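File shown: input.txt (compact mmCIF, C-alpha atoms and all ligand atoms).
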```txt
# COMPACT_ATOMS: atom_id res chain seq x y z
CA MET Z 1 47.69 -213.22 144.13
CA THR Z 2 50.53 -214.54 146.20
CA VAL Z 3 53.00 -216.94 144.72
CA SER Z 4 55.07 -219.12 146.93
CA THR Z 5 57.46 -221.91 146.18
CA ALA Z 6 59.65 -224.20 148.15
CA THR Z 7 62.47 -221.91 147.05
CA THR Z 8 60.66 -218.63 147.73
CA PRO Z 9 62.58 -215.59 146.36
CA THR Z 10 63.61 -212.78 148.66
CA THR Z 11 60.57 -210.77 147.57
CA SER Z 12 57.96 -212.48 149.67
CA SER Z 13 54.87 -211.61 147.65
CA LEU Z 14 54.26 -210.35 144.15
CA SER Z 15 51.07 -208.88 142.70
CA PHE Z 16 49.82 -209.93 139.31
CA SER Z 17 46.81 -209.04 137.22
CA HIS Z 18 45.75 -211.40 134.43
CA LEU Z 19 48.41 -213.94 133.51
CA SER Z 20 51.64 -213.84 135.44
CA PHE Z 21 54.95 -215.26 134.37
CA PHE Z 22 57.38 -215.77 137.14
CA GLN Z 23 60.99 -216.80 136.70
CA HIS Z 24 63.12 -218.09 139.52
CA LYS Z 25 66.46 -219.88 139.30
CA LYS Z 26 65.97 -220.68 135.59
CA THR Z 27 62.60 -222.33 136.33
CA SER Z 28 59.49 -220.63 134.96
CA PHE Z 29 56.14 -220.84 136.70
CA LEU Z 30 52.84 -219.69 135.26
CA CYS Z 31 49.88 -218.93 137.50
CA THR Z 32 46.49 -217.73 136.35
CA LYS Z 33 44.19 -215.08 137.79
CA ASN Z 34 41.50 -217.65 138.31
CA SER Z 35 43.59 -219.87 140.54
CA ILE Z 36 41.59 -221.15 143.47
CA VAL Z 37 42.91 -220.81 146.99
CA LYS Z 38 46.01 -222.92 147.47
CA ARG Z 39 45.83 -224.54 144.06
CA LYS Z 40 48.84 -226.70 143.28
CA CYS Z 41 50.56 -226.25 139.94
CA GLU Z 42 53.17 -228.54 138.54
CA HIS Z 43 55.95 -227.44 136.24
CA ARG Z 44 58.70 -229.71 135.05
CA GLY Z 45 58.44 -231.77 138.17
CA VAL Z 46 58.69 -228.76 140.48
CA HIS Z 47 55.73 -228.17 142.79
CA VAL Z 48 54.58 -224.61 143.08
CA LYS Z 49 51.82 -223.35 145.33
CA CYS Z 50 49.65 -220.68 143.73
CA MET Z 51 47.01 -218.96 145.77
CA VAL Z 52 44.57 -216.12 145.42
CA LEU Z 53 43.66 -213.91 148.35
CA GLU Z 54 39.93 -214.21 148.90
CA LYS Z 55 38.00 -210.99 148.38
CA SER Z 56 36.41 -211.20 151.78
CA SER Z 57 35.95 -207.56 152.66
CA ALA Z 58 35.00 -204.35 150.86
CA ALA Z 59 38.46 -203.00 151.61
CA GLU Z 60 39.96 -205.99 149.89
CA ALA Z 61 37.70 -205.48 146.87
CA LYS Z 62 38.77 -201.84 146.68
CA LYS Z 63 42.39 -202.93 146.83
CA THR Z 64 41.97 -205.21 143.83
CA LYS Z 65 40.53 -202.31 141.81
CA ARG Z 66 43.77 -200.35 142.23
CA GLN Z 67 45.67 -200.17 138.96
CA SER Z 68 48.49 -202.62 138.77
CA VAL Z 69 51.92 -201.06 138.54
CA TYR Z 70 52.64 -203.61 135.84
CA LYS Z 71 49.89 -202.27 133.59
CA LEU Z 72 51.57 -200.28 130.83
CA GLN Z 73 49.91 -198.37 128.04
CA THR Z 74 51.79 -198.57 124.78
CA LEU Z 75 51.55 -195.96 122.05
CA THR Z 76 49.79 -198.55 119.89
CA SER Z 77 47.09 -199.30 122.46
CA TRP Z 78 46.73 -195.57 123.21
CA LEU Z 79 46.24 -194.82 119.49
CA LEU Z 80 43.65 -197.57 119.21
CA LYS Z 81 41.80 -196.05 122.16
CA GLN Z 82 41.81 -192.65 120.41
CA GLU Z 83 40.38 -194.37 117.35
CA GLN Z 84 37.66 -196.09 119.41
CA ASP Z 85 36.79 -192.73 120.97
CA GLY Z 86 36.40 -191.20 117.48
CA ILE Z 87 39.27 -188.73 117.92
CA ILE Z 88 41.16 -190.10 114.91
CA ASP Z 89 40.21 -192.46 112.11
CA ALA Z 90 41.82 -195.80 111.34
CA GLU Z 91 43.91 -194.27 108.54
CA LEU Z 92 45.48 -191.68 110.81
CA THR Z 93 46.17 -194.38 113.40
CA ILE Z 94 48.19 -196.24 110.78
CA VAL Z 95 50.07 -193.09 109.71
CA LEU Z 96 51.00 -192.34 113.33
CA SER Z 97 52.10 -195.92 113.94
CA SER Z 98 54.31 -195.82 110.89
CA ILE Z 99 55.86 -192.55 112.11
CA SER Z 100 56.59 -194.12 115.50
CA MET Z 101 58.21 -197.05 113.70
CA ALA Z 102 60.43 -194.63 111.73
CA CYS Z 103 61.40 -192.92 114.99
CA LYS Z 104 62.38 -196.22 116.59
CA GLN Z 105 64.56 -197.02 113.60
CA ILE Z 106 66.18 -193.57 113.66
CA ALA Z 107 66.71 -193.85 117.43
CA SER Z 108 68.66 -197.04 116.93
CA LEU Z 109 70.70 -195.49 114.10
CA VAL Z 110 71.46 -192.44 116.26
CA GLN Z 111 72.63 -194.63 119.13
CA ARG Z 112 74.93 -196.64 116.88
CA VAL Z 113 76.12 -193.75 114.72
CA GLY Z 114 79.78 -194.07 115.68
CA ILE Z 115 79.81 -197.85 115.40
CA SER Z 116 78.03 -197.87 112.02
CA LYS Z 117 80.39 -195.21 110.66
CA LEU Z 118 77.48 -192.85 109.97
CA THR Z 119 79.22 -189.79 111.40
CA GLY Z 120 80.32 -186.93 109.14
CA VAL Z 121 78.87 -185.36 106.03
CA HIS Z 122 77.22 -187.11 103.14
CA GLY Z 123 78.94 -185.00 100.51
CA ALA Z 124 75.79 -183.32 99.19
CA VAL Z 125 74.34 -179.94 100.09
CA ASN Z 126 70.61 -179.79 100.81
CA THR Z 127 68.05 -177.37 99.45
CA HIS Z 128 69.04 -174.79 102.12
CA GLY Z 129 72.70 -174.83 101.10
CA GLU Z 130 73.63 -176.78 104.23
CA ASP Z 131 75.92 -179.82 104.30
CA GLN Z 132 73.82 -182.94 104.66
CA LYS Z 133 75.05 -185.30 107.34
CA LYS Z 134 75.09 -188.98 106.44
CA LEU Z 135 72.43 -189.58 109.04
CA ASP Z 136 70.24 -186.76 107.64
CA VAL Z 137 70.04 -188.65 104.37
CA VAL Z 138 69.50 -192.06 105.97
CA SER Z 139 66.83 -190.71 108.36
CA ASN Z 140 64.98 -189.09 105.48
CA GLU Z 141 64.93 -192.42 103.68
CA VAL Z 142 63.71 -194.25 106.80
CA PHE Z 143 60.90 -191.71 107.38
CA SER Z 144 59.82 -191.71 103.73
CA ASN Z 145 59.86 -195.50 103.49
CA CYS Z 146 57.74 -195.92 106.62
CA LEU Z 147 55.22 -193.35 105.43
CA ARG Z 148 55.00 -194.83 101.95
CA ALA Z 149 54.62 -198.35 103.29
CA SER Z 150 51.74 -197.20 105.51
CA GLY Z 151 49.69 -196.81 102.33
CA ARG Z 152 47.89 -193.91 103.97
CA THR Z 153 49.88 -190.88 102.87
CA GLY Z 154 49.40 -188.96 99.66
CA ILE Z 155 52.07 -186.30 99.87
CA ILE Z 156 55.17 -186.08 101.98
CA ALA Z 157 57.30 -182.99 102.38
CA SER Z 158 60.66 -183.20 104.09
CA GLU Z 159 63.36 -180.75 105.07
CA GLU Z 160 65.72 -182.92 103.05
CA GLU Z 161 63.70 -182.89 99.79
CA ASP Z 162 63.58 -179.93 97.39
CA VAL Z 163 59.88 -180.36 96.63
CA PRO Z 164 57.02 -182.32 98.20
CA VAL Z 165 56.79 -185.87 96.95
CA ALA Z 166 53.53 -187.38 95.71
CA VAL Z 167 53.40 -190.97 96.90
CA GLU Z 168 53.03 -193.42 94.00
CA GLU Z 169 49.44 -194.43 93.33
CA SER Z 170 49.95 -198.05 94.35
CA TYR Z 171 50.66 -196.91 97.89
CA TYR Z 172 48.44 -193.88 97.79
CA GLY Z 173 46.54 -192.63 100.82
CA ASN Z 174 45.16 -189.26 101.77
CA TYR Z 175 47.16 -187.72 104.57
CA ILE Z 176 49.75 -185.02 104.00
CA VAL Z 177 52.78 -185.43 106.22
CA VAL Z 178 55.48 -182.78 106.65
CA PHE Z 179 58.61 -183.66 108.59
CA ASP Z 180 62.15 -182.89 109.52
CA PRO Z 181 63.62 -186.40 109.85
CA LEU Z 182 66.65 -185.44 111.92
CA ASP Z 183 66.65 -181.97 113.37
CA GLY Z 184 69.76 -180.61 115.06
CA SER Z 185 71.97 -183.06 113.20
CA SER Z 186 75.01 -180.83 113.68
CA ASN Z 187 75.00 -182.34 117.20
CA ILE Z 188 75.11 -185.93 116.00
CA ASP Z 189 78.85 -186.53 115.88
CA ALA Z 190 79.13 -185.39 119.53
CA ALA Z 191 76.25 -187.64 120.64
CA VAL Z 192 74.19 -184.63 121.76
CA SER Z 193 70.35 -184.66 121.59
CA THR Z 194 68.62 -184.57 118.23
CA GLY Z 195 65.04 -185.21 117.15
CA SER Z 196 62.46 -185.76 114.42
CA ILE Z 197 59.53 -183.36 114.00
CA PHE Z 198 56.32 -184.00 112.07
CA GLY Z 199 52.94 -182.50 111.26
CA ILE Z 200 49.93 -184.16 109.62
CA TYR Z 201 47.46 -182.25 107.50
CA THR Z 202 43.99 -182.96 106.37
CA PRO Z 203 43.33 -185.42 103.51
CA ASN Z 204 43.28 -183.85 100.10
CA ASP Z 205 42.35 -185.50 96.83
CA ASP Z 206 43.74 -182.87 94.51
CA CYS Z 207 47.21 -184.30 94.41
CA LEU Z 208 46.40 -187.77 93.12
CA LEU Z 209 48.88 -188.98 90.54
CA ASP Z 210 46.87 -190.70 87.80
CA LEU Z 211 49.25 -192.36 85.40
CA GLU Z 212 46.44 -193.00 82.90
CA ASP Z 213 45.53 -189.39 82.21
CA SER Z 214 47.64 -186.72 80.59
CA THR Z 215 48.65 -185.10 83.88
CA THR Z 216 52.35 -184.34 83.79
CA LEU Z 217 54.57 -184.82 86.77
CA ASP Z 218 55.18 -181.06 86.86
CA THR Z 219 51.48 -180.34 87.21
CA VAL Z 220 51.18 -182.90 89.99
CA GLU Z 221 54.16 -181.40 91.75
CA GLN Z 222 52.62 -177.95 91.57
CA ARG Z 223 49.35 -179.21 93.01
CA CYS Z 224 51.26 -180.97 95.76
CA ILE Z 225 53.08 -177.79 96.66
CA VAL Z 226 49.81 -175.90 96.92
CA ASN Z 227 48.30 -178.64 99.07
CA VAL Z 228 51.23 -178.82 101.42
CA CYS Z 229 51.29 -175.06 101.96
CA GLN Z 230 48.65 -174.99 104.68
CA PRO Z 231 48.67 -172.87 107.83
CA GLY Z 232 49.37 -174.63 111.12
CA ASN Z 233 45.72 -174.02 112.05
CA ASN Z 234 44.85 -176.94 109.75
CA LEU Z 235 47.11 -179.42 111.54
CA LEU Z 236 45.35 -182.60 112.63
CA ALA Z 237 48.29 -183.99 114.56
CA ALA Z 238 51.84 -182.98 115.36
CA GLY Z 239 54.68 -184.41 117.34
CA TYR Z 240 58.35 -184.98 117.77
CA CYS Z 241 60.67 -187.70 118.86
CA MET Z 242 63.70 -186.74 120.94
CA TYR Z 243 66.81 -188.91 120.75
CA SER Z 244 68.51 -188.23 124.06
CA SER Z 245 69.32 -190.11 127.27
CA SER Z 246 65.79 -191.42 126.76
CA VAL Z 247 63.92 -191.63 123.48
CA ILE Z 248 60.74 -189.62 123.96
CA PHE Z 249 57.81 -189.39 121.57
CA VAL Z 250 55.54 -186.39 122.18
CA LEU Z 251 52.23 -186.18 120.38
CA THR Z 252 49.12 -184.04 120.13
CA LEU Z 253 45.95 -184.89 118.25
CA GLY Z 254 44.45 -181.55 119.20
CA ASN Z 255 43.20 -182.74 122.58
CA GLY Z 256 46.20 -182.26 124.87
CA VAL Z 257 49.84 -183.29 124.78
CA PHE Z 258 50.96 -186.82 125.59
CA SER Z 259 54.44 -188.17 126.04
CA PHE Z 260 55.69 -191.73 125.51
CA THR Z 261 59.08 -193.09 126.49
CA LEU Z 262 60.73 -195.86 124.51
CA ASP Z 263 61.27 -198.87 126.72
CA PRO Z 264 64.44 -200.40 125.28
CA MET Z 265 63.57 -203.78 126.83
CA PHE Z 266 60.18 -203.96 125.08
CA GLY Z 267 61.03 -201.87 122.03
CA GLU Z 268 57.72 -200.05 122.63
CA PHE Z 269 56.79 -196.46 123.41
CA ILE Z 270 55.07 -196.40 126.81
CA LEU Z 271 52.73 -193.61 127.92
CA THR Z 272 54.64 -191.68 130.61
CA GLN Z 273 52.95 -188.26 130.77
CA GLU Z 274 49.36 -187.28 130.06
CA ASN Z 275 47.97 -183.83 129.33
CA ILE Z 276 51.27 -182.02 129.73
CA GLN Z 277 50.83 -178.37 130.72
CA ILE Z 278 53.69 -175.91 130.23
CA PRO Z 279 54.26 -173.63 133.25
CA LYS Z 280 52.68 -170.18 132.70
CA ALA Z 281 56.08 -168.55 133.22
CA GLY Z 282 59.64 -169.79 133.66
CA ASN Z 283 63.06 -168.31 134.21
CA ILE Z 284 65.03 -170.07 131.47
CA TYR Z 285 65.79 -168.48 128.10
CA SER Z 286 67.14 -170.42 125.16
CA PHE Z 287 68.62 -168.31 122.34
CA ASN Z 288 71.87 -168.55 120.35
CA GLU Z 289 73.41 -165.44 121.90
CA GLY Z 290 76.40 -165.67 119.57
CA ASN Z 291 74.15 -163.73 117.18
CA TYR Z 292 73.55 -160.90 119.69
CA GLN Z 293 75.34 -158.22 117.64
CA LEU Z 294 73.23 -159.13 114.60
CA TRP Z 295 69.93 -158.70 116.45
CA ASP Z 296 67.45 -155.85 116.41
CA ASP Z 297 67.95 -153.35 119.29
CA ARG Z 298 64.52 -154.15 120.78
CA LEU Z 299 65.46 -157.80 121.05
CA LYS Z 300 68.83 -156.90 122.61
CA LYS Z 301 66.93 -154.87 125.22
CA TYR Z 302 64.70 -157.82 126.00
CA ILE Z 303 67.66 -160.17 126.45
CA ASP Z 304 69.47 -157.58 128.60
CA HIS Z 305 66.36 -157.36 130.76
CA LEU Z 306 66.39 -161.16 131.27
CA LYS Z 307 70.00 -160.97 132.44
CA ASP Z 308 69.33 -158.14 134.86
CA PRO Z 309 69.12 -159.60 138.40
CA GLY Z 310 66.57 -156.87 139.33
CA PRO Z 311 65.17 -156.56 142.85
CA SER Z 312 64.92 -160.37 143.26
CA GLY Z 313 68.68 -160.64 142.65
CA LYS Z 314 68.13 -163.59 140.34
CA PRO Z 315 68.51 -163.26 136.57
CA TYR Z 316 67.10 -165.78 134.10
CA SER Z 317 69.24 -168.84 133.35
CA ALA Z 318 70.53 -169.49 129.82
CA ARG Z 319 70.25 -172.98 128.34
CA TYR Z 320 70.93 -173.66 124.67
CA ILE Z 321 71.63 -177.05 123.11
CA GLY Z 322 71.29 -175.91 119.49
CA SER Z 323 68.81 -178.70 118.88
CA LEU Z 324 65.23 -177.46 118.59
CA VAL Z 325 63.64 -180.67 119.85
CA GLY Z 326 65.85 -180.82 122.96
CA ASP Z 327 65.54 -177.11 123.72
CA PHE Z 328 61.79 -177.21 123.13
CA HIS Z 329 61.24 -180.32 125.24
CA ARG Z 330 63.01 -178.75 128.22
CA THR Z 331 60.99 -175.55 127.75
CA LEU Z 332 57.75 -177.55 127.62
CA LEU Z 333 58.51 -179.26 130.92
CA TYR Z 334 60.29 -176.51 132.88
CA GLY Z 335 58.81 -173.38 131.31
CA GLY Z 336 60.61 -170.34 129.89
CA ILE Z 337 61.18 -169.25 126.32
CA TYR Z 338 63.00 -170.58 123.26
CA GLY Z 339 63.79 -168.20 120.42
CA TYR Z 340 65.36 -168.21 117.00
CA PRO Z 341 65.06 -164.54 115.93
CA ARG Z 342 65.65 -162.91 112.58
CA ASN Z 343 69.04 -161.20 112.34
CA LYS Z 344 70.97 -158.95 110.00
CA LYS Z 345 72.21 -161.95 108.04
CA SER Z 346 69.03 -164.09 108.01
CA ARG Z 347 66.03 -161.80 107.65
CA ASN Z 348 63.61 -164.59 108.53
CA GLY Z 349 65.68 -166.44 111.10
CA LYS Z 350 66.65 -170.03 110.50
CA LEU Z 351 63.78 -172.33 111.36
CA ARG Z 352 61.27 -173.60 108.83
CA LEU Z 353 57.59 -172.73 109.23
CA LEU Z 354 56.04 -175.88 107.82
CA TYR Z 355 57.84 -178.73 109.54
CA GLU Z 356 59.54 -177.06 112.52
CA CYS Z 357 57.69 -173.96 113.76
CA ALA Z 358 54.07 -174.94 113.02
CA PRO Z 359 54.13 -178.46 114.57
CA MET Z 360 55.95 -177.15 117.68
CA SER Z 361 53.47 -174.27 117.98
CA PHE Z 362 50.52 -176.66 117.75
CA ILE Z 363 52.06 -178.73 120.56
CA VAL Z 364 52.85 -175.72 122.76
CA GLU Z 365 49.33 -174.30 122.38
CA GLN Z 366 47.85 -177.66 123.29
CA ALA Z 367 49.97 -177.48 126.45
CA GLY Z 368 48.73 -173.96 127.28
CA GLY Z 369 51.76 -172.08 125.91
CA LYS Z 370 52.34 -169.81 122.95
CA GLY Z 371 54.21 -169.83 119.61
CA SER Z 372 54.81 -166.49 117.89
CA ASP Z 373 56.95 -164.91 115.19
CA GLY Z 374 57.23 -161.84 117.44
CA GLN Z 375 54.08 -160.23 116.10
CA GLN Z 376 51.62 -162.95 115.22
CA ARG Z 377 50.62 -166.44 116.16
CA ILE Z 378 52.68 -168.97 114.17
CA LEU Z 379 49.61 -171.14 113.49
CA ASP Z 380 47.94 -168.24 111.63
CA LEU Z 381 50.79 -167.83 109.15
CA GLN Z 382 49.97 -168.96 105.62
CA PRO Z 383 53.11 -170.52 104.11
CA VAL Z 384 53.98 -169.25 100.66
CA GLU Z 385 56.69 -171.81 100.04
CA ILE Z 386 57.65 -175.21 101.37
CA HIS Z 387 60.94 -174.34 103.01
CA GLN Z 388 59.91 -170.88 104.23
CA ARG Z 389 61.75 -169.64 107.32
CA VAL Z 390 60.19 -167.57 110.09
CA PRO Z 391 61.45 -166.17 113.39
CA LEU Z 392 60.22 -168.33 116.27
CA TYR Z 393 59.52 -167.46 119.91
CA ILE Z 394 57.91 -170.29 121.77
CA GLY Z 395 57.25 -171.38 125.34
CA SER Z 396 55.40 -170.19 128.43
CA ARG Z 397 52.55 -167.84 127.57
CA GLU Z 398 53.65 -165.01 129.87
CA GLU Z 399 57.25 -165.15 128.64
CA VAL Z 400 56.30 -165.03 124.95
CA GLU Z 401 53.86 -162.18 125.58
CA LYS Z 402 56.54 -160.23 127.44
CA LEU Z 403 58.87 -160.62 124.45
CA GLU Z 404 56.11 -159.52 122.04
CA LYS Z 405 55.73 -156.31 124.07
CA TYR Z 406 59.45 -155.60 123.76
CA LEU Z 407 59.33 -156.16 119.98
CA SER Z 408 56.18 -154.07 119.38
P1 LIG A 501 68.69 -178.19 111.08
O1 LIG A 501 67.26 -178.42 110.72
O2 LIG A 501 69.54 -177.98 109.86
O3 LIG A 501 69.23 -179.22 112.00
O4 LIG A 501 68.75 -176.75 111.82
C1 LIG A 501 67.84 -176.50 112.82
C2 LIG A 501 68.59 -176.40 114.12
C3 LIG A 501 67.65 -176.41 115.28
O5 LIG A 501 67.51 -177.67 115.82
C4 LIG A 501 68.35 -175.51 116.25
O6 LIG A 501 67.45 -174.91 117.13
C5 LIG A 501 69.04 -174.53 115.36
O7 LIG A 501 69.23 -175.17 114.13
C6 LIG A 501 70.36 -174.15 115.87
O8 LIG A 501 70.94 -173.23 115.01
P2 LIG A 501 72.25 -172.44 115.42
O9 LIG A 501 73.35 -173.42 115.35
O10 LIG A 501 72.34 -171.34 114.42
O11 LIG A 501 72.04 -171.93 116.81
MG MG A 502 65.58 -178.91 111.17
```
Entire entry expressed as structure tokens:
Amino acid sequence: MTVSTATTPTTSSLSFSHLSFFQHKKTSFLCTKNSIVKRKCEHRGVHVKCMVLEKSSAAEAKKTKRQSVYKLQTLTSWLLKQEQDGIIDAELTIVLSSISMACKQIASLVQRVGISKLTGVHGAVNTHGEDQKKLDVVSNEVFSNCLRASGRTGIIASEEEDVPVAVEESYYGNYIVVFDPLDGSSNIDAAVSTGSIFGIYTPNDDCLLDLEDSTTLDTVEQRCIVNVCQPGNNLLAAGYCMYSSSVIFVLTLGNGVFSFTLDPMFGEFILTQENIQIPKAGNIYSFNEGNYQLWDDRLKKYIDHLKDPGPSGKPYSARYIGSLVGDFHRTLLYGGIYGYPRNKKSRNGKLRLLYECAPMSFIVEQAGGKGSDGQQRILDLQPVEIHQRVPLYIGSREEVEKLEKYLS
């Protein structure tokens, strides 16, 4: 459709599908798809000519079939499509929408952290003996509130909670959600990338809190712990949201990896990458090399090998943000390897199996990559406790396999 006015803008013609809203010099004109050739529209006394190009030839018809550049797919419409296609049920659609809502809220908190005086520590120490940042605590509350309000979650387990929480019966749903509400929060005060990570497990009835029967809270808690401790193989969905120069929501439902970018003008996540595939190999390594002296000799050998220019004369490049989501996202797109190994001080490394390593491994496998603890596939590991740590090596398949050979 071509729109022309007596005061035609510099852009001579604009394409519209469906309804088009056109603003020029504070005057708004609305033209419909069904406008007939040279139909005259009137708006506040201003005459506007609206016309539709007649579909006279086959070439013209083909042209109209081309997807409009103005057609955007939001996360919400994409989720509804997955539901229509039977990939997820309505309940899971609601859980995922509520997670995306939590991420939008956290994104806005992260962006305003200095202004809102949310920098610095909260004063408490979390279950891992680490100082909780103010924003860690707030983000945990935001995530938990959104999940509770969805009415579709039964148990939630967070990095910031000592034990998994059974959602009160009035809000009770089935899905088990594990999450790290604000990973890499040590970067927050310097406005460096952070992220939220989540995994969703299969519905489970065993953790229902029935206030009428004699079940004690302790018994419920124990059942919840057992239910949450599932291997990554059971994940139904996993994703992360990266708070960086763009806010990016990456999601897998077990049928590929999809990425959505928050459009700050709309306040909506827009589908920007479909079926992401990680390169098979890549020459970037991402390890905290400050721990080098604490590492196993076999790992030192592997890292030394990466730094050796060899016959090509080009060693690997080092990139390390110290924020798993940021380091992982770069690895997913550019290829290479990210690692948080065990060391002499932390026998199991630093990262948590349930809500950091397993969701990221599910995503990387869906993109054709690999997640390993050095010996075995992360998704095969059966957690024995909620906050269990494991070494993590994740990224391009060939790179992770090379590392496994060095460690064997
Ligand atoms: P956190 O969950 O307390 O934020 O810690 C996890 C973070 C990861 O994002 C990051 O990969 C790692 O800790 C960095 O640790 P280090 O500072 O030891 O390199
Ligand atoms: Mg974390």
Checklist entry - What is the distance, in Å and to one decimal place, between CA of Glu159 in chain Z and CA of Phe260 in chain Z? => result 24.4 Å
Checklist entry - When the cut-off is 10 Å and you count all atoms listed in the file, which residues lie near ligand MG 502 (chain A), shown as a list of chain:residue names? => result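 After applying the 10 Å limit, what remains is Z:Asp136, Z:Ser158, Z:Glu159, Z:Glu160, Z:Phe179, Z:Asp180, Z:Pro181, Z:Leu182, Z:Asp183, Z:Gly184, Z:Ser185, Z:Ser186, Z:Thr194, Z:Gly195, Z:Ser196, Z:Ile197, Z:Ser323, Z:Leu324, Z:Val325, Z:Lys350, Z:Leu351, Z:Arg352, Z:Tyr355, Z:Glu356, Z:Cys357.
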Checklist entry - Hey, can you check how far CA of Leu299 in chain Z sits from CA of Ile276 in chain Z? => result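 Answer for the CA of Leu299 in chain Z to CA of Ile276 in chain Z separation: 29.4 Å.
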Next on the checklist: List the spatial neighbours of Arg389 in chain Z as a PyMOL selection string - criterion: any atom at most 12 Å away, only C-alpha atoms, same-chain residues fewer than 3 positions off excluded.
Outcome noted: chain Z and resi 128+159+340-342+346-358+373+378+381-386+392
Checklist entry - Mind pulling up the distance from CA of Gln84 in chain Z to CA of Asn275 in chain Z? => result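 Computing it gives 18.8 Å between the two atoms.
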Next on the checklist: If we count all atoms listed in the file and set the cut-off at 10 Å, which residues sit around Phe328 in chain Z, ignoring sequence neighbours fewer than 4 positions away in its own chain? Please answer as a ChimeraX atom specification.
Outcome noted: /Z:242,286,320-321,323-324,332-339,360,364,394-395
Item to check | For Asp380 in chain Z: contacts at 8 Å, all atoms listed in the file, fewer than 4 positions along chain excluded, given as a ChimeraX atom specification | outcome: /Z:231-233,376
Please determine an axis-aligned box that encloses all atoms of ligand LIG 501 (chain A) listed in the file, with 5 Å added on each side, and express its centre and edge lengths in Å to one decimal as AutoDock Vina command-line options.
```
--center_x 70.3 --center_y -175.3 --center_z 113.5 --size_x 16.1 --size_y 17.9 --size_z 17.3
```
Show me as a PDB file with C-alpha atoms, in the coordinates of the input the residues that reach within 10 Å of (72.9, -156.2, 113.9), counting all atoms listed in the file and using the file's own coordinates.
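File written: part-v3.pdb
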```pdb
ATOM      1  CA  ASN Z 291      74.150-163.730 117.180  1.00  0.00           C
ATOM      2  CA  TYR Z 292      73.550-160.900 119.690  1.00  0.00           C
ATOM      3  CA  GLN Z 293      75.340-158.220 117.640  1.00  0.00           C
ATOM      4  CA  LEU Z 294      73.230-159.130 114.600  1.00  0.00           C
ATOM      5  CA  TRP Z 295      69.930-158.700 116.450  1.00  0.00           C
ATOM      6  CA  ASP Z 296      67.450-155.850 116.410  1.00  0.00           C
ATOM      7  CA  ASP Z 297      67.950-153.350 119.290  1.00  0.00           C
ATOM      8  CA  LYS Z 300      68.830-156.900 122.610  1.00  0.00           C
ATOM      9  CA  ARG Z 342      65.650-162.910 112.580  1.00  0.00           C
ATOM     10  CA  ASN Z 343      69.040-161.200 112.340  1.00  0.00           C
ATOM     11  CA  LYS Z 344      70.970-158.950 110.000  1.00  0.00           C
ATOM     12  CA  LYS Z 345      72.210-161.950 108.040  1.00  0.00           C
TER      13      LYS Z 345
END
```
Checklist entry - So which one's closest to ligand LIG 501 (chain A), Z:Gly326, Z:Pro279, Z:Gly154, Z:Gly313? Using all atoms listed in the file, please. => result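 Checking each candidate against ligand LIG 501 (chain A), we get Z:Gly326 as the closest.
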Item to check | Option closest in space to Glu404 in chain Z, from Z:Lys370, Z:Val247, Z:Glu365, Z:Asn174 [counting all atoms listed in the file] | outcome: Z:Lys370
Item to check | Shell of 12 Å around Leu96 in chain Z, all atoms listed in the file, local chain residues under 5 positions omitted, as an MDAnalysis selection string | outcome: chainID Z and resid 75:76 78:80 82:83 88:91 101:103 143 146:147 150:153 175:177 198:200 236:240 249:253
Save out the residues we just selected, C-alpha atoms, as a CSV table (one decimal), in the coordinates of the input.
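Contents of part-v5.csv, as written:
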```csv
chain,number,residue,atom,x,y,z
Z,75,LEU,CA,51.6,-196.0,122.0
Z,76,THR,CA,49.8,-198.6,119.9
Z,78,TRP,CA,46.7,-195.6,123.2
Z,79,LEU,CA,46.2,-194.8,119.5
Z,80,LEU,CA,43.6,-197.6,119.2
Z,82,GLN,CA,41.8,-192.6,120.4
Z,83,GLU,CA,40.4,-194.4,117.4
Z,88,ILE,CA,41.2,-190.1,114.9
Z,89,ASP,CA,40.2,-192.5,112.1
Z,90,ALA,CA,41.8,-195.8,111.3
Z,91,GLU,CA,43.9,-194.3,108.5
Z,101,MET,CA,58.2,-197.0,113.7
Z,102,ALA,CA,60.4,-194.6,111.7
Z,103,CYS,CA,61.4,-192.9,115.0
Z,143,PHE,CA,60.9,-191.7,107.4
Z,146,CYS,CA,57.7,-195.9,106.6
Z,147,LEU,CA,55.2,-193.4,105.4
Z,150,SER,CA,51.7,-197.2,105.5
Z,151,GLY,CA,49.7,-196.8,102.3
Z,152,ARG,CA,47.9,-193.9,104.0
Z,153,THR,CA,49.9,-190.9,102.9
Z,175,TYR,CA,47.2,-187.7,104.6
Z,176,ILE,CA,49.8,-185.0,104.0
Z,177,VAL,CA,52.8,-185.4,106.2
Z,198,PHE,CA,56.3,-184.0,112.1
Z,199,GLY,CA,52.9,-182.5,111.3
Z,200,ILE,CA,49.9,-184.2,109.6
Z,236,LEU,CA,45.4,-182.6,112.6
Z,237,ALA,CA,48.3,-184.0,114.6
Z,238,ALA,CA,51.8,-183.0,115.4
Z,239,GLY,CA,54.7,-184.4,117.3
Z,240,TYR,CA,58.4,-185.0,117.8
Z,249,PHE,CA,57.8,-189.4,121.6
Z,250,VAL,CA,55.5,-186.4,122.2
Z,251,LEU,CA,52.2,-186.2,120.4
Z,252,THR,CA,49.1,-184.0,120.1
Z,253,LEU,CA,46.0,-184.9,118.2
```
Checklist entry - For ligand LIG 501 (chain A), which residue among Z:Gly310, Z:Gly256, Z:Pro391, Z:Gly290 is the nearest when counting only C-alpha atoms and all ligand atoms? => result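 Of the candidates, the smallest distance to ligand LIG 501 (chain A) is held by Z:Gly290.
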Next on the checklist: Quick one: residues within 9 Å of Ala149 in chain Z, all atoms listed in the file, excluding same-chain residues fewer than 4 positions away - as a list in words?
Outcome noted: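 What passes the distance filter is Ser98, Ser144, Asn145, Thr153 and Tyr171 of chain Z.
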